[in-house]
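Visitor: Dropping in my_file-v5.pdb, which is PDB, C-alpha atoms and all ligand atoms:
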ATOM      1  CA  MET A 220      15.646   5.627 -13.531  1.00  0.00           C
ATOM      2  CA  ARG A 221      15.876   2.118 -12.106  1.00  0.00           C
ATOM      3  CA  PHE A 222      13.328  -0.485 -11.127  1.00  0.00           C
ATOM      4  CA  TYR A 223      13.425  -2.372  -7.865  1.00  0.00           C
ATOM      5  CA  ARG A 224      11.015  -4.836  -6.362  1.00  0.00           C
ATOM      6  CA  CYS A 225      10.297  -5.963  -2.823  1.00  0.00           C
ATOM      7  CA  LEU A 226      10.680  -9.672  -2.071  1.00  0.00           C
ATOM      8  CA  ILE A 227       8.251  -9.380   0.850  1.00  0.00           C
ATOM      9  CA  CYS A 228       5.223  -7.530  -0.581  1.00  0.00           C
ATOM     10  CA  GLY A 229       6.079  -7.903  -4.277  1.00  0.00           C
ATOM     11  CA  ASP A 230       5.533  -4.226  -5.141  1.00  0.00           C
ATOM     12  CA  PRO A 231       7.751  -2.524  -7.717  1.00  0.00           C
ATOM     13  CA  TYR A 232       9.482   0.796  -7.109  1.00  0.00           C
ATOM     14  CA  MET A 233      10.970   3.179  -9.659  1.00  0.00           C
ATOM     15  CA  GLY A 234      13.710   5.552  -8.565  1.00  0.00           C
ATOM     16  CA  SER A 235      17.278   6.668  -9.001  1.00  0.00           C
ATOM     17  CA  GLU A 236      18.487   4.455  -6.165  1.00  0.00           C
ATOM     18  CA  LYS A 237      17.410   1.617  -3.907  1.00  0.00           C
ATOM     19  CA  PRO A 238      15.301   3.015  -1.037  1.00  0.00           C
ATOM     20  CA  SER A 239      16.354   2.381   2.578  1.00  0.00           C
ATOM     21  CA  HIS A 240      12.977   0.697   3.174  1.00  0.00           C
ATOM     22  CA  CYS A 241      10.293  -0.661   0.859  1.00  0.00           C
ATOM     23  CA  PRO A 242       7.999   2.372   0.346  1.00  0.00           C
ATOM     24  CA  PHE A 243       4.963   0.065   0.455  1.00  0.00           C
ATOM     25  CA  CYS A 244       5.460  -2.474   3.254  1.00  0.00           C
ATOM     26  CA  GLY A 245       8.425  -0.933   5.114  1.00  0.00           C
ATOM     27  CA  ALA A 246      10.723  -3.959   4.680  1.00  0.00           C
ATOM     28  CA  HIS A 247      14.380  -3.097   5.141  1.00  0.00           C
ATOM     29  CA  GLN A 248      16.625  -2.511   2.115  1.00  0.00           C
ATOM     30  CA  GLN A 249      18.027  -6.047   1.986  1.00  0.00           C
ATOM     31  CA  HIS A 250      14.591  -7.210   0.775  1.00  0.00           C
ATOM     32  CA  MET A 251      14.589  -4.845  -2.220  1.00  0.00           C
ATOM     33  CA  VAL A 252      16.135  -6.356  -5.345  1.00  0.00           C
ATOM     34  CA  SER A 253      16.518  -5.240  -8.923  1.00  0.00           C
ATOM     35  CA  ALA A 254      13.205  -5.926 -10.716  1.00  0.00           C
ATOM     36  CA  ALA A 255      14.995  -8.293 -13.118  1.00  0.00           C
ATOM     37  CA  ASP A 256      16.147 -10.474 -10.217  1.00  0.00           C
ATOM     38  CA  TRP A 257      12.804 -10.606  -8.447  1.00  0.00           C
ATOM     39  CA  VAL A 258      11.171 -13.987  -7.799  1.00  0.00           C
ATOM     40  CA  ASP A 259       7.767 -14.737  -6.345  1.00  0.00           C
ATOM     41  CA  GLU A 260       8.835 -16.624  -3.236  1.00  0.00           C
ATOM     42  CA  ASN A 261       5.231 -17.643  -2.539  1.00  0.00           C
ATOM     43  CA  GLU A 262       5.372 -19.960  -5.542  1.00  0.00           C
ATOM     44  CA  SER A 263       7.932 -22.271  -3.960  1.00  0.00           C
ATOM     45  CA  MET A 264       6.275 -22.182  -0.540  1.00  0.00           C
ATOM     46  CA  GLY A 265       4.221 -25.362  -0.939  1.00  0.00           C
ATOM     47  CA  GLU A 266       1.325 -26.346   1.299  1.00  0.00           C
ATOM     48  CA  LEU A 267       1.101 -24.350   4.538  1.00  0.00           C
ATOM     49  CA  SER A 268       1.423 -26.194   7.836  1.00  0.00           C
ATOM     50  CA  ASP A 269      -1.566 -25.934  10.207  1.00  0.00           C
ATOM     51  CA  ILE A 270       0.313 -23.714  12.652  1.00  0.00           C
ATOM     52  CA  SER A 271       1.483 -21.304   9.925  1.00  0.00           C
ATOM     53  CA  ARG A 272      -1.998 -21.114   8.432  1.00  0.00           C
ATOM     54  CA  SER A 273      -3.516 -20.362  11.808  1.00  0.00           C
ATOM     55  CA  ASN A 274      -0.867 -17.714  12.603  1.00  0.00           C
ATOM     56  CA  LEU A 275      -1.236 -16.107   9.168  1.00  0.00           C
ATOM     57  CA  GLU A 276      -5.018 -15.937   9.615  1.00  0.00           C
ATOM     58  CA  LYS A 277      -4.582 -14.197  12.989  1.00  0.00           C
ATOM     59  CA  ALA A 278      -2.003 -11.864  11.446  1.00  0.00           C
ATOM     60  CA  LEU A 279      -4.335 -10.996   8.574  1.00  0.00           C
ATOM     61  CA  GLN A 280      -7.145  -9.993  10.939  1.00  0.00           C
ATOM     62  CA  LEU A 281      -4.691  -7.996  13.034  1.00  0.00           C
ATOM     63  CA  GLU A 282      -3.352  -6.085  10.008  1.00  0.00           C
ATOM     64  CA  VAL A 283      -6.846  -5.354   8.705  1.00  0.00           C
ATOM     65  CA  ASN A 284      -7.827  -4.029  12.158  1.00  0.00           C
ATOM     66  CA  ASN A 285      -4.690  -1.882  12.438  1.00  0.00           C
ATOM     67  CA  LYS A 286      -5.123  -0.510   8.931  1.00  0.00           C
ATOM     68  CA  ALA A 287      -8.657   0.641   9.856  1.00  0.00           C
ATOM     69  CA  PHE A 288      -7.470   2.031  13.207  1.00  0.00           C
ATOM     70  CA  TYR A 289      -4.726   4.135  11.599  1.00  0.00           C
ATOM     71  CA  ALA A 290      -7.104   5.397   8.890  1.00  0.00           C
ATOM     72  CA  ASP A 291      -9.520   6.526  11.610  1.00  0.00           C
ATOM     73  CA  ALA A 292      -6.669   8.083  13.622  1.00  0.00           C
ATOM     74  CA  SER A 293      -5.565   9.991  10.501  1.00  0.00           C
ATOM     75  CA  ALA A 294      -9.083  11.267   9.812  1.00  0.00           C
ATOM     76  CA  ARG A 295      -9.449  12.487  13.410  1.00  0.00           C
ATOM     77  CA  ALA A 296      -5.974  14.040  13.810  1.00  0.00           C
ATOM     78  CA  ASP A 297      -6.007  17.831  14.080  1.00  0.00           C
ATOM     79  CA  LEU A 298      -2.285  18.094  13.257  1.00  0.00           C
ATOM     80  CA  VAL A 299      -1.382  17.792   9.590  1.00  0.00           C
ATOM     81  CA  GLU A 300       1.881  15.975  10.417  1.00  0.00           C
ATOM     82  CA  LEU A 301      -0.001  13.258  12.296  1.00  0.00           C
ATOM     83  CA  GLN A 302      -2.639  13.019   9.587  1.00  0.00           C
ATOM     84  CA  GLY A 303       0.217  12.102   7.255  1.00  0.00           C
ATOM     85  CA  ILE A 304       1.988   9.727   9.631  1.00  0.00           C
ATOM     86  CA  PHE A 305      -1.194   7.819  10.521  1.00  0.00           C
ATOM     87  CA  LYS A 306      -2.155   7.692   6.850  1.00  0.00           C
ATOM     88  CA  ASN A 307       1.217   6.219   5.948  1.00  0.00           C
ATOM     89  CA  LEU A 308       0.958   3.648   8.748  1.00  0.00           C
ATOM     90  CA  SER A 309      -2.532   2.701   7.545  1.00  0.00           C
ATOM     91  CA  LYS A 310      -1.188   2.107   4.039  1.00  0.00           C
ATOM     92  CA  ILE A 311       1.712   0.018   5.350  1.00  0.00           C
ATOM     93  CA  GLU A 312      -0.610  -2.170   7.450  1.00  0.00           C
ATOM     94  CA  GLY A 313      -2.836  -2.538   4.380  1.00  0.00           C
ATOM     95  CA  GLU A 314       0.198  -3.728   2.446  1.00  0.00           C
ATOM     96  CA  HIS A 315       0.949  -6.243   5.191  1.00  0.00           C
ATOM     97  CA  ALA A 316      -2.629  -7.514   4.962  1.00  0.00           C
ATOM     98  CA  SER A 317      -2.239  -7.863   1.215  1.00  0.00           C
ATOM     99  CA  THR A 318       1.085  -9.730   1.604  1.00  0.00           C
ATOM    100  CA  ILE A 319      -0.491 -12.190   4.049  1.00  0.00           C
ATOM    101  CA  ARG A 320      -3.677 -12.548   2.005  1.00  0.00           C
ATOM    102  CA  LYS A 321      -1.641 -13.640  -1.019  1.00  0.00           C
ATOM    103  CA  MET A 322       0.109 -16.322   1.048  1.00  0.00           C
ATOM    104  CA  LEU A 323      -3.215 -17.640   2.351  1.00  0.00           C
ATOM    105  CA  LYS A 324      -4.937 -17.191  -1.033  1.00  0.00           C
ATOM    106  CA  VAL A 325      -8.023 -15.699   0.630  1.00  0.00           C
ATOM    107  CA  GLU A 326      -9.919 -12.418   0.521  1.00  0.00           C
ATOM    108  CA  PRO A 327      -9.241 -10.146   3.507  1.00  0.00           C
ATOM    109  CA  PRO A 328     -11.813 -10.152   6.352  1.00  0.00           C
ATOM    110  CA  ALA A 329     -13.619  -6.992   7.471  1.00  0.00           C
ATOM    111  CA  PRO A 330     -12.067  -5.136  10.402  1.00  0.00           C
ATOM    112  CA  GLU A 331     -13.452  -6.127  13.805  1.00  0.00           C
ATOM    113  CA  ASP A 332     -15.764  -3.356  15.018  1.00  0.00           C
ATOM    114  CA  ASP A 333     -14.252  -3.034  18.475  1.00  0.00           C
ATOM    115  CA  ARG A 334     -10.726  -2.798  17.003  1.00  0.00           C
ATOM    116  CA  LYS A 335     -11.156  -0.320  14.172  1.00  0.00           C
ATOM    117  CA  SER A 336     -11.929   2.929  15.986  1.00  0.00           C
ATOM    118  CA  ALA A 337      -9.454   5.547  17.145  1.00  0.00           C
ATOM    119  CA  SER A 338     -10.203   8.443  19.517  1.00  0.00           C
ATOM    120  CA  ASP A 339     -10.031  12.219  19.018  1.00  0.00           C
ATOM    121  CA  SER A 340      -6.815  12.433  21.033  1.00  0.00           C
ATOM    122  CA  ILE A 341      -3.526  12.130  19.143  1.00  0.00           C
ATOM    123  CA  HIS A 342      -1.783  11.180  22.375  1.00  0.00           C
ATOM    124  CA  ASP A 343      -4.256   8.389  23.160  1.00  0.00           C
ATOM    125  CA  ASN A 344      -4.041   7.152  19.577  1.00  0.00           C
ATOM    126  CA  LEU A 345      -0.240   7.036  19.706  1.00  0.00           C
ATOM    127  CA  GLU A 346      -0.399   5.089  22.985  1.00  0.00           C
ATOM    128  CA  ALA A 347      -2.983   2.689  21.559  1.00  0.00           C
ATOM    129  CA  ALA A 348      -1.012   2.323  18.328  1.00  0.00           C
ATOM    130  CA  ARG A 349       2.163   1.530  20.228  1.00  0.00           C
ATOM    131  CA  GLU A 350       0.336  -1.175  22.214  1.00  0.00           C
ATOM    132  CA  ARG A 351      -0.923  -2.667  18.938  1.00  0.00           C
ATOM    133  CA  GLU A 352       2.567  -2.616  17.430  1.00  0.00           C
ATOM    134  CA  ILE A 353       4.133  -4.184  20.528  1.00  0.00           C
ATOM    135  CA  PHE A 354       1.561  -6.975  20.363  1.00  0.00           C
ATOM    136  CA  ALA A 355       2.050  -7.465  16.604  1.00  0.00           C
ATOM    137  CA  SER A 356       5.840  -7.417  16.738  1.00  0.00           C
ATOM    138  CA  SER A 357       6.016 -10.022  19.494  1.00  0.00           C
ATOM    139  CA  PHE A 358       3.295 -12.208  17.979  1.00  0.00           C
ATOM    140  CA  TYR A 359       5.131 -12.187  14.627  1.00  0.00           C
ATOM    141  CA  ALA A 360       8.439 -13.115  16.279  1.00  0.00           C
ATOM    142  CA  GLN A 361       6.663 -16.050  17.941  1.00  0.00           C
ATOM    143  CA  ALA A 362       4.956 -17.045  14.667  1.00  0.00           C
ATOM    144  CA  ALA A 363       8.327 -16.939  12.861  1.00  0.00           C
ATOM    145  CA  GLY A 364       9.702 -19.334  15.460  1.00  0.00           C
ATOM    146  CA  GLU A 365       6.757 -21.688  14.991  1.00  0.00           C
ATOM    147  CA  ALA A 366       6.891 -21.641  11.176  1.00  0.00           C
ATOM    148  CA  VAL A 367       8.415 -24.608   9.389  1.00  0.00           C
ATOM    149  CA  GLU A 368       8.329 -22.931   5.932  1.00  0.00           C
ATOM    150  CA  GLU A 369      11.296 -20.662   5.101  1.00  0.00           C
ATOM    151  CA  ARG A 370       9.022 -18.163   3.351  1.00  0.00           C
ATOM    152  CA  VAL A 371       6.627 -17.894   6.309  1.00  0.00           C
ATOM    153  CA  LYS A 372       9.551 -17.556   8.715  1.00  0.00           C
ATOM    154  CA  LYS A 373      11.046 -14.773   6.581  1.00  0.00           C
ATOM    155  CA  VAL A 374       7.785 -12.850   6.206  1.00  0.00           C
ATOM    156  CA  PHE A 375       7.001 -13.029   9.936  1.00  0.00           C
ATOM    157  CA  ASN A 376      10.544 -12.003  10.895  1.00  0.00           C
ATOM    158  CA  THR A 377      10.395  -9.069   8.469  1.00  0.00           C
ATOM    159  CA  LEU A 378       6.953  -7.973   9.659  1.00  0.00           C
ATOM    160  CA  SER A 379       8.138  -8.177  13.259  1.00  0.00           C
ATOM    161  CA  GLU A 380      11.074  -5.908  12.368  1.00  0.00           C
ATOM    162  CA  ILE A 381       8.808  -3.396  10.585  1.00  0.00           C
ATOM    163  CA  GLU A 382       6.317  -3.225  13.474  1.00  0.00           C
ATOM    164  CA  SER A 383       9.257  -2.704  15.770  1.00  0.00           C
ATOM    165  CA  ASP A 384      10.251   0.318  13.616  1.00  0.00           C
ATOM    166  CA  HIS A 385       6.708   1.608  14.204  1.00  0.00           C
ATOM    167  CA  ILE A 386       7.111   1.187  17.981  1.00  0.00           C
ATOM    168  CA  GLN A 387      10.248   3.345  17.813  1.00  0.00           C
ATOM    169  CA  LEU A 388       8.531   5.968  15.674  1.00  0.00           C
ATOM    170  CA  GLU A 389       5.569   6.175  18.052  1.00  0.00           C
ATOM    171  CA  THR A 390       7.811   6.264  21.112  1.00  0.00           C
ATOM    172  CA  ALA A 391       9.742   9.174  19.571  1.00  0.00           C
ATOM    173  CA  LEU A 392       6.484  11.041  18.870  1.00  0.00           C
ATOM    174  CA  LEU A 393       5.258  10.466  22.439  1.00  0.00           C
ATOM    175  CA  ASP A 394       8.653  11.633  23.761  1.00  0.00           C
ATOM    176  CA  ARG A 395       8.135  14.881  21.835  1.00  0.00           C
ATOM    177  CA  GLY A 396       5.108  15.475  24.066  1.00  0.00           C
ATOM    178  CA  LEU A 397       2.421  14.547  21.599  1.00  0.00           C
TER     179      LEU A 397
HETATM  180 FE    FE B   1       7.561  -4.293   0.359  1.00  0.00          FE
HETATM  181 FE    FE B   2       1.780  -4.552   9.957  1.00  0.00          FE
END
Here is a file; write its structure as structure tokens.
Ligand SMILES: [Fe+2]
Ligand SMILES: [Fe+2]

Guide:
Amino acid sequence: MRFYRCLICGDPYMGSEKPSHCPFCGAHQQHMVSAADWVDENESMGELSDISRSNLEKALQLEVNNKAFYADASARADLVELQGIFKNLSKIEGEHASTIRKMLKVEPPAPEDDRKSASDSIHDNLEAAREREIFASSFYAQAAGEAVEERVKKVFNTLSEIESDHIQLETALLDRGL
């Protein structure tokens, strides 16, 4: 058994080999390192610029909202496969919120009421989820471009990539006729 750790979310993983993606935040394999080589990149980040702080605060609210939305979508799904997929997505967005919260050194906000509810339709929820992911992915790409700190740039670029994986997943599910 080996130990790996994610440079983005900081979570450790035990397994026989390095996973293709962080099982917690979804970061691609290049961000998983041997646990012995792991460093807390937040420690060398320094003081956040105003623009990065503002973008991270928006991102935190967005992740908290999407976590709640996916949890609701999972609870309402009448297909066991989608219960699992939405549950996994909820956990990943929760991990993103936790990653951002640690950079801001704040407690997470509550989800916004008008953004936390799903519907009873799997199709509608997949469409709504894809819209959320498209928004998040493009906002994070923009925030990465605006960031002056290497760490903030890296986290936003990685999050943008992960949300883009979610867009592809949801598109594939919709293409299946769900
Ligand atoms: Fe991770
Ligand atoms: Fe996310």

Visitor: Rank nothing, just name the residue among A:Ser340, A:Ser263, A:Thr318, A:Gln249 nearest to ligand FE 2 (chain B), using all atoms listed in the file.

Guide: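 Checking each of A:Ser340, A:Ser263, A:Thr318, A:Gln249 against ligand FE 2 (chain B), counting all atoms listed in the file, the winner is A:Thr318.
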
Visitor: From the set A:Thr377, A:Ser293, A:Ser383, A:Ser309, which residue has the shortest atom-to-atom contact distance to Gln248 of chain A, counting all atoms listed in the file?

Guide: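 Counting all atoms listed in the file, the residue closest to Gln248 of chain A is A:Thr377.
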
Visitor: Show me which residues line ligand FE 1 (chain B), defined as having an atom within 6 Å of a ligand atom where all atoms listed in the file count, and present them as a list in words.

Guide: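 Those residues are Cys225, Ile227, Cys228, Asp230, Cys241, Phe243, Cys244, Gly245 and Ala246 of chain A.
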
Visitor: Tell me which protein, DNA and RNA residues are within 8 Å of Ile319 of chain A, counting only C-alpha atoms, leaving out same-chain ones fewer than 3 positions away, and put them as a list in words.

Guide: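 Near Ile319 of chain A, the qualifying residues are Leu275, Ala278, Leu279, His315, Ala316, Met322 and Leu323 of chain A.
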
Visitor: Given a cut-off of 12 Å, what residues near ligand FE 2 (chain B) show up using all atoms listed in the file, put as a ChimeraX atom specification?

Guide: /A:228,243-246,275,277-289,307-319,348-349,351-359,374-386

Visitor: If the PyMOL selection byres (((chain A and resi 301) around 12) and not hetatm) were run on this exact file, what residues would it hold? Put them as a VMD selection string.

Guide: chain A and resid 289 to 300 302 to 309 340 to 342 344 to 345 388 to 389 392 to 393 397

Visitor: Looking at all atoms listed in the file, which of A:Gln387, A:Ser273, A:Ser338, A:Ser239 is the one that sits closest to Glu365 of chain A?

Guide: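 With all atoms listed in the file as the atom set, the closest residue is A:Ser273.
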
Visitor: Nearest to Arg224 of chain A among A:Asp339, A:Asp256, A:Glu346, A:Asp394, with distances taken over only C-alpha atoms: which residue is it?

Guide: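 That would be A:Asp256, the residue with the smallest distance to Arg224 of chain A.
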
Visitor: Kindly give the distance, in Å, that separates atom CA of Arg272 of chain A and atom CA of Ala366 of chain A, rounded to a single decimal.

Guide: 9.3 Å

Visitor: Record the distance separating atom CA of Glu260 of chain A and atom CA of Lys237 of chain A, expressed in Å with one decimal.

Guide: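 If I compute the distance from atom CA of Glu260 of chain A to atom CA of Lys237 of chain A, I get 20.2 Å.
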
Visitor: What's the separation between atom CA of Pro231 of chain A and atom CA of His247 of chain A, in Å to one decimal place?

Guide: 14.5 Å

Visitor: Restricting the calculation to only C-alpha atoms, which member of A:Met264, A:Leu226, A:Ala337, A:Ile270 is positioned closest to Ala363 of chain A?

Guide: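 Of A:Met264, A:Leu226, A:Ala337, A:Ile270, the one nearest Ala363 of chain A is A:Ile270, counting only C-alpha atoms.
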
Visitor: Return segment 226-253 of chain A, completed with N, CA and C atoms, as a short mmCIF file (atom, residue, chain, number, x, y, z; two decimals), keeping the file's coordinate frame.

Guide:
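Result went into out38.cif, see below:
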data_model
loop_
_atom_site.label_atom_id
_atom_site.label_comp_id
_atom_site.auth_asym_id
_atom_site.auth_seq_id
_atom_site.Cartn_x
_atom_site.Cartn_y
_atom_site.Cartn_z
N LEU A 226 10.88 -8.22 -2.17
CA LEU A 226 10.68 -9.67 -2.07
C LEU A 226 9.59 -10.02 -1.05
N ILE A 227 9.27 -9.09 -0.16
CA ILE A 227 8.25 -9.38 0.85
C ILE A 227 6.85 -9.11 0.30
N CYS A 228 6.58 -7.86 -0.13
CA CYS A 228 5.22 -7.53 -0.58
C CYS A 228 5.05 -7.68 -2.09
N GLY A 229 6.16 -7.72 -2.83
CA GLY A 229 6.08 -7.90 -4.28
C GLY A 229 5.88 -6.63 -5.07
N ASP A 230 5.81 -5.46 -4.40
CA ASP A 230 5.53 -4.23 -5.14
C ASP A 230 6.79 -3.66 -5.80
N PRO A 231 6.63 -3.12 -7.01
CA PRO A 231 7.75 -2.52 -7.72
C PRO A 231 7.92 -1.05 -7.36
N TYR A 232 9.16 -0.59 -7.44
CA TYR A 232 9.48 0.80 -7.11
C TYR A 232 10.41 1.34 -8.18
N MET A 233 10.13 2.55 -8.66
CA MET A 233 10.97 3.18 -9.66
C MET A 233 11.66 4.37 -9.01
N GLY A 234 12.99 4.43 -9.15
CA GLY A 234 13.71 5.55 -8.56
C GLY A 234 15.15 5.55 -9.00
N SER A 235 15.88 6.58 -8.57
CA SER A 235 17.28 6.67 -9.00
C SER A 235 18.17 5.76 -8.17
N GLU A 236 17.72 5.42 -6.95
CA GLU A 236 18.49 4.46 -6.16
C GLU A 236 17.58 3.60 -5.27
N LYS A 237 18.17 2.54 -4.75
CA LYS A 237 17.41 1.62 -3.91
C LYS A 237 17.00 2.33 -2.62
N PRO A 238 15.72 2.32 -2.27
CA PRO A 238 15.30 3.02 -1.04
C PRO A 238 15.77 2.27 0.22
N SER A 239 15.89 3.00 1.33
CA SER A 239 16.35 2.38 2.58
C SER A 239 15.34 1.37 3.09
N HIS A 240 14.05 1.60 2.77
CA HIS A 240 12.98 0.70 3.17
C HIS A 240 12.01 0.59 2.00
N CYS A 241 11.33 -0.55 1.89
CA CYS A 241 10.29 -0.66 0.86
C CYS A 241 9.26 0.44 1.12
N PRO A 242 8.96 1.29 0.13
CA PRO A 242 8.00 2.37 0.35
C PRO A 242 6.57 1.87 0.60
N PHE A 243 6.33 0.60 0.34
CA PHE A 243 4.96 0.06 0.46
C PHE A 243 4.75 -0.71 1.76
N CYS A 244 5.66 -1.66 2.05
CA CYS A 244 5.46 -2.47 3.25
C CYS A 244 6.43 -2.13 4.37
N GLY A 245 7.46 -1.32 4.07
CA GLY A 245 8.43 -0.93 5.11
C GLY A 245 9.56 -1.92 5.33
N ALA A 246 9.62 -2.98 4.52
CA ALA A 246 10.72 -3.96 4.68
C ALA A 246 12.06 -3.26 4.50
N HIS A 247 13.07 -3.72 5.23
CA HIS A 247 14.38 -3.10 5.14
C HIS A 247 15.03 -3.37 3.77
N GLN A 248 16.03 -2.54 3.45
CA GLN A 248 16.62 -2.51 2.12
C GLN A 248 17.07 -3.87 1.57
N GLN A 249 17.52 -4.75 2.47
CA GLN A 249 18.03 -6.05 1.99
C GLN A 249 16.95 -6.85 1.25
N HIS A 250 15.68 -6.49 1.45
CA HIS A 250 14.59 -7.21 0.78
C HIS A 250 14.21 -6.59 -0.57
N MET A 251 14.85 -5.47 -0.92
CA MET A 251 14.59 -4.84 -2.22
C MET A 251 15.64 -5.34 -3.20
N VAL A 252 15.19 -5.88 -4.34
CA VAL A 252 16.14 -6.36 -5.34
C VAL A 252 15.82 -5.67 -6.67
N SER A 253 16.76 -5.75 -7.59
CA SER A 253 16.52 -5.24 -8.92
C SER A 253 15.32 -6.01 -9.51
#
